[in-house]
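Colleague: I have a structure here, written as structure tokens, and I will follow up with some questions on it.
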Amino acid sequence: MRTLNQDILQDKLLLKNYTQQELELLITELGIPKFRASQVYKAVYGNQVPSFAGITTLSKNLQQQLDEKFIFTSVTLDKKQTSSDGTIKFLFTLADGAQIESVLIPSEMEVAEGTPKRRTLCISTQAGCPLGCEFCATATLKLRRNLETAEIIDQFLTAQQHSELPITNIVFMGMGEPMLNYDNVMKAVDIFTNTQTPVLSSKKITLSTAGVLPGILRMADEKRTIKLALSLHATTNGIRQKLMPIANKYSLEELGNALEYYYRATKIPVTFEYILFDGLNDTELDVKRLAKLTRRFPSKVNVIPFHEIDFTNPSGFSAELKAAPKEKFFLFLKRLKENNVQVMVRSSSGLDIDAACGQLAFSSAAQ
Ligand code: SAH
């Protein structure tokens with residue numbers, strides 16, 4: 001898998017690529033006492049300072065010495081767009097010129113005294129994506145490369161600096177397939193949830209996969225306590241294969257077994273994401289098959305309206321995809337509920353700035 005060309009960093013290291021233990025080692029190699037690493041860690045993740053100059057427990061000399069060895073922030077904020085619904089889309093440029101987007105979504109469902117309780121940051125894990133799902137704008141970018149751990153973490157820390165209220169949740173649902181960048185994503189999770197200066201609890205982090213089976217098994221074996229979501233989108237292998245090339249590699253049966261294995265290992269309910277397409281996956285038979293699949297273990301279904309991706313000039317099958325009309329959408333929800341499926345509707349936050357699910361491909365709608 002392609003990674004960041006380290007030559008670009010000119011012998012410097014990305015500070016946020018390292019756990020505290022790793023940082024201790026690197027720092028002692030520079031002849032700096034080990035305890036300085038914990039001061040750096042506290043400042044970076046506890047106080048969330050934006051630069052070495054902000055680490056007031058270090059002398060100016062030490063700040064400078066670290067500055068010469070480490071790159072403090074691995075992403076540069078290029079653009080911030082705010083939607084009429086309060087959703088904010090961030091466009092970041094990376095050291096090699098690659099670009100990624102993150103989306104901050106204030107939850108409308110839990111509004112307390114005018115302030116949404118939950119603010120979820122949707123984070124990218126790859127620059128572009130190799131999976132080629134027919135309905136997703138990011139697919140048109142193809143894969144440029146995997147993101148570094150620091151680049152994953154810096155999306156959060158930079159978005160936090162630009163957000164008045166604390167970000168409460170993270171979803172790995174931005175650009176890319178997190179399971180294809182497993183090591184860097186999980187290292188970011190470990191750093192976010194480190195016990196001394198936790199940024200977030202693992203319960204507030206969700207990883208969504210298009211169904212990369214080995215990643216699901218690995219999460220189960222490692223007893224990962226973050227939440228897992230599967231982009232299901234179809235109840236038959238045939239339709240799923242038309243929508244998502246990865247379905248040719250892993251069948252619904254195999255994925256169902258893997259998810260059951262994951263549930264047994266972690267006891268964490270699984271979420272199924274299901275985009276409702278008109279006339280494709282919205283029938284009574286789909287309701288029944290979906291209900292059967294979700295009954296195997298505690299789970300819920302997140303029904304997602306299809307967000308148009310016309311700005312990518314889709315052709316072929318991709319151009320034929322249409323959102324299920326409102327009445328069909330609500331009927332599908334009703335029928336799922338009647339079949340005892342726990343359902344939720346994914347909000348379409350940020351539609352006017354092309355920041356909704358599947359729309360991340362550097363469009364510049366609504367400046
Ligand atoms: N690669 C991962 C995570 C990124 S996509 C995955 O596939 O799960 C995040 C979610 O947005 C997925 O459920 C994806 O299927 C959904 N999505 C993609 N394109 C969409 C679109 N045009 N409309 C609505 N949801 C979309």
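Naming scheme: A, B, ... for chains in displayed order of the structure tokens; residues 1 onward per chain; ligands 1 onward as shown.
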Show which residues sit within 7 Å of Gly211 in chain A, as a ChimeraX atom specification. Count only C-alpha atoms, and ignore same-chain residues fewer than 4 positions away.

Modeller: /A:230-231,255

Colleague: Pull the closest atom pair for each residue of chain A that gets at most 6 Å from ligand 1, along with the distance in Å to one decimal, counting only C-alpha atoms and all ligand atoms, ordering rows by chain and then ascending residue number, as a tab-separated table.

Modeller:
```
residue	atom	partner	partner_atom_place_in_ligand_line	distance
A:Phe135	CA	ligand 1	22 (N)	4.9
A:Cys136	CA	ligand 1	19 (N)	3.6
A:Met173	CA	ligand 1	4 (C)	3.9
A:Gly174	CA	ligand 1	4 (C)	5.1
A:Met175	CA	ligand 1	4 (C)	5.7
A:Gly176	CA	ligand 1	1 (N)	5.1
A:Glu177	CA	ligand 1	1 (N)	3.7
A:Ser208	CA	ligand 1	8 (O)	4.1
A:Thr209	CA	ligand 1	8 (O)	3.7
A:Ala210	CA	ligand 1	7 (O)	3.6
A:Leu230	CA	ligand 1	8 (O)	5.9
A:Ser231	CA	ligand 1	13 (O)	4.4
A:Glu273	CA	ligand 1	13 (O)	5.2
A:Ile275	CA	ligand 1	24 (C)	5.8
A:Ile304	CA	ligand 1	24 (C)	5.8
A:Pro305	CA	ligand 1	24 (C)	5.8
A:Phe306	CA	ligand 1	23 (N)	3.9
A:His307	CA	ligand 1	23 (N)	3.8
A:Glu308	CA	ligand 1	22 (N)	5.6
A:Ile309	CA	ligand 1	22 (N)	5.9
A:Cys357	CA	ligand 1	11 (O)	4.2
A:Gly358	CA	ligand 1	19 (N)	3.0
A:Gln359	CA	ligand 1	22 (N)	5.9
```

Colleague: Taking only C-alpha atoms into account, produce a table as a tab-separated table in which each residue of range 138-163 of chain A with an atom at most 12 Å from an atom of range 19-33 of chain A appears once, together with its shortest atom pair and the distance in Å to one decimal, ordered by chain and rising number.

Modeller:
```
residue	atom	partner	partner_atom	distance
A:Thr149	CA	A:Thr19	CA	10.2
A:Ala150	CA	A:Thr19	CA	10.6
A:Ile153	CA	A:Thr19	CA	11.8
```

Colleague: May I ask which of the residues A:Thr193, A:Thr168, A:Thr235, A:Ser51 is the closest one to Leu285 in chain A, counting only C-alpha atoms?

Modeller: A:Thr235

Colleague: Find the residues near range 65-74 of chain A: any atom within 7 Å, counting only C-alpha atoms, skip ones fewer than 2 places away on the same chain, and give them as number ranges by chain.

Modeller: A: 12-15, 51-52, 61-63, 76, 94-95, 150-151, 154

Colleague: Can you write out the residues you just picked, keeping N, CA, C and O atoms, as a JSON list (two decimals), in the first residue's frame?

Modeller:
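Written out: part-v2.json:
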```json
[["chain", "number", "residue", "atom", "x", "y", "z"],
["A", 12, "LYS", "N", 12.98, 14.80, 9.12],
["A", 12, "LYS", "CA", 12.19, 15.07, 10.32],
["A", 12, "LYS", "C", 11.18, 13.94, 10.53],
["A", 12, "LYS", "O", 10.85, 13.21, 9.59],
["A", 13, "LEU", "N", 10.65, 13.85, 11.74],
["A", 13, "LEU", "CA", 9.64, 12.83, 12.05],
["A", 13, "LEU", "C", 8.31, 13.51, 12.35],
["A", 13, "LEU", "O", 8.30, 14.64, 12.87],
["A", 14, "LEU", "N", 7.22, 12.81, 12.05],
["A", 14, "LEU", "CA", 5.90, 13.37, 12.40],
["A", 14, "LEU", "C", 5.64, 13.06, 13.87],
["A", 14, "LEU", "O", 5.52, 11.90, 14.26],
["A", 15, "LEU", "N", 5.57, 14.09, 14.68],
["A", 15, "LEU", "CA", 5.44, 13.94, 16.14],
["A", 15, "LEU", "C", 4.30, 13.00, 16.54],
["A", 15, "LEU", "O", 4.44, 12.17, 17.43],
["A", 51, "SER", "N", 1.59, 24.03, 19.01],
["A", 51, "SER", "CA", 2.99, 24.05, 18.55],
["A", 51, "SER", "C", 3.92, 23.79, 19.72],
["A", 51, "SER", "O", 3.49, 23.85, 20.89],
["A", 52, "PHE", "N", 5.19, 23.52, 19.41],
["A", 52, "PHE", "CA", 6.16, 23.31, 20.49],
["A", 52, "PHE", "C", 6.25, 24.56, 21.37],
["A", 52, "PHE", "O", 6.48, 24.46, 22.58],
["A", 61, "ASN", "N", 15.13, 26.50, 24.53],
["A", 61, "ASN", "CA", 16.14, 25.67, 23.87],
["A", 61, "ASN", "C", 15.61, 24.30, 23.50],
["A", 61, "ASN", "O", 15.83, 23.80, 22.40],
["A", 62, "LEU", "N", 14.93, 23.71, 24.47],
["A", 62, "LEU", "CA", 14.38, 22.36, 24.27],
["A", 62, "LEU", "C", 13.28, 22.39, 23.21],
["A", 62, "LEU", "O", 13.20, 21.51, 22.34],
["A", 63, "GLN", "N", 12.45, 23.42, 23.25],
["A", 63, "GLN", "CA", 11.40, 23.57, 22.24],
["A", 63, "GLN", "C", 12.04, 23.60, 20.85],
["A", 63, "GLN", "O", 11.57, 22.93, 19.93],
["A", 76, "THR", "N", -2.28, 20.90, 6.88],
["A", 76, "THR", "CA", -2.49, 22.35, 6.82],
["A", 76, "THR", "C", -3.94, 22.59, 6.41],
["A", 76, "THR", "O", -4.40, 22.04, 5.40],
["A", 94, "LEU", "N", -1.58, 17.94, 2.78],
["A", 94, "LEU", "CA", -0.56, 17.19, 3.51],
["A", 94, "LEU", "C", 0.82, 17.55, 2.97],
["A", 94, "LEU", "O", 0.94, 18.25, 1.95],
["A", 95, "ALA", "N", 1.85, 17.05, 3.63],
["A", 95, "ALA", "CA", 3.23, 17.45, 3.29],
["A", 95, "ALA", "C", 3.58, 17.22, 1.82],
["A", 95, "ALA", "O", 4.35, 17.98, 1.23],
["A", 150, "ALA", "N", -0.21, 10.31, 12.27],
["A", 150, "ALA", "CA", -0.22, 11.74, 12.63],
["A", 150, "ALA", "C", -1.26, 12.50, 11.79],
["A", 150, "ALA", "O", -1.92, 13.41, 12.30],
["A", 151, "GLU", "N", -1.40, 12.13, 10.54],
["A", 151, "GLU", "CA", -2.36, 12.83, 9.67],
["A", 151, "GLU", "C", -3.81, 12.53, 10.08],
["A", 151, "GLU", "O", -4.70, 13.36, 9.91],
["A", 154, "ASP", "N", -4.13, 14.58, 13.43],
["A", 154, "ASP", "CA", -4.15, 16.03, 13.21],
["A", 154, "ASP", "C", -5.45, 16.53, 12.59],
["A", 154, "ASP", "O", -5.79, 17.71, 12.74]]
```

Colleague: Counting only C-alpha atoms, give me one row per residue of range 247-285 of chain A with an atom at most 12 Å from an atom of range 328-331 of chain A, showing the shortest contact pair and its distance in Å to one decimal, sorted by chain then residue number, as a tab-separated table.

Modeller:
```
residue	atom	partner	partner_atom	distance
A:Tyr274	CA	A:Phe329	CA	11.3
A:Ile275	CA	A:Phe329	CA	10.0
A:Leu276	CA	A:Phe329	CA	7.1
A:Phe277	CA	A:Phe329	CA	9.1
A:Asp278	CA	A:Lys328	CA	8.1
A:Gly279	CA	A:Lys328	CA	9.6
A:Leu280	CA	A:Lys328	CA	11.9
A:Asn281	CA	A:Phe329	CA	11.0
A:Asp282	CA	A:Lys328	CA	7.6
A:Thr283	CA	A:Lys328	CA	9.1
A:Glu284	CA	A:Leu331	CA	9.7
```

Colleague: Just how far from CA of Val185 in chain A is CA of Ile152 in chain A, in Å to one decimal?

Modeller: 7.3 Å

Colleague: Using only C-alpha atoms, which residue out of A:Ala98, A:Val303, A:Ala188, A:Leu131 lies closest to Tyr45 in chain A?

Modeller: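 Counting only C-alpha atoms, the residue closest to Tyr45 in chain A is A:Ala188.
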
Colleague: Measuring atom to atom with only C-alpha atoms, identify which of A:Gln99, A:Gln196, A:Gln155, A:Thr140 is nearest to Ser315 in chain A.

Modeller: A:Thr140

Colleague: Write out as a ChimeraX atom specification which residues come within 8 Å of Ala234 in chain A when counting only C-alpha atoms, dropping same-chain ones fewer than 2 positions away.

Modeller: /A:232,236-237,239-240,274,281,286

Colleague: Could you pull out the alpha helix (DSSP H) residues of range 46-288 of chain A from DSSP and send them as a PyMOL selection string?

Modeller: chain A and resi 60-69+149-161+182-192+213-221+237-243+252-266+284-288

Colleague: Which residue is closest to Ser299 in chain A? Choose from A:Lys227, A:Lys204, A:Arg218, A:Arg36 and count only C-alpha atoms.

Modeller: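 Of all the options, A:Lys227 lies closest to Ser299 in chain A.
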
Colleague: Just checking: using only C-alpha atoms, which residue out of A:His162, A:Lys242, A:Lys42, A:Lys117 ends up closest to Gly316 in chain A?

Modeller: A:Lys242

Colleague: What parts of range 87-194 of chain A does DSSP call strand (DSSP E)? I'd like the answer as a PyMOL selection string.

Modeller: chain A and resi 88-94+99-106+111-112+115-116+119-122+126-128+143-146+169-172

Colleague: Find the distance between CA of Pro245 in chain A and CA of Cys133 in chain A and write it in Å to one decimal.

Modeller: 6.5 Å
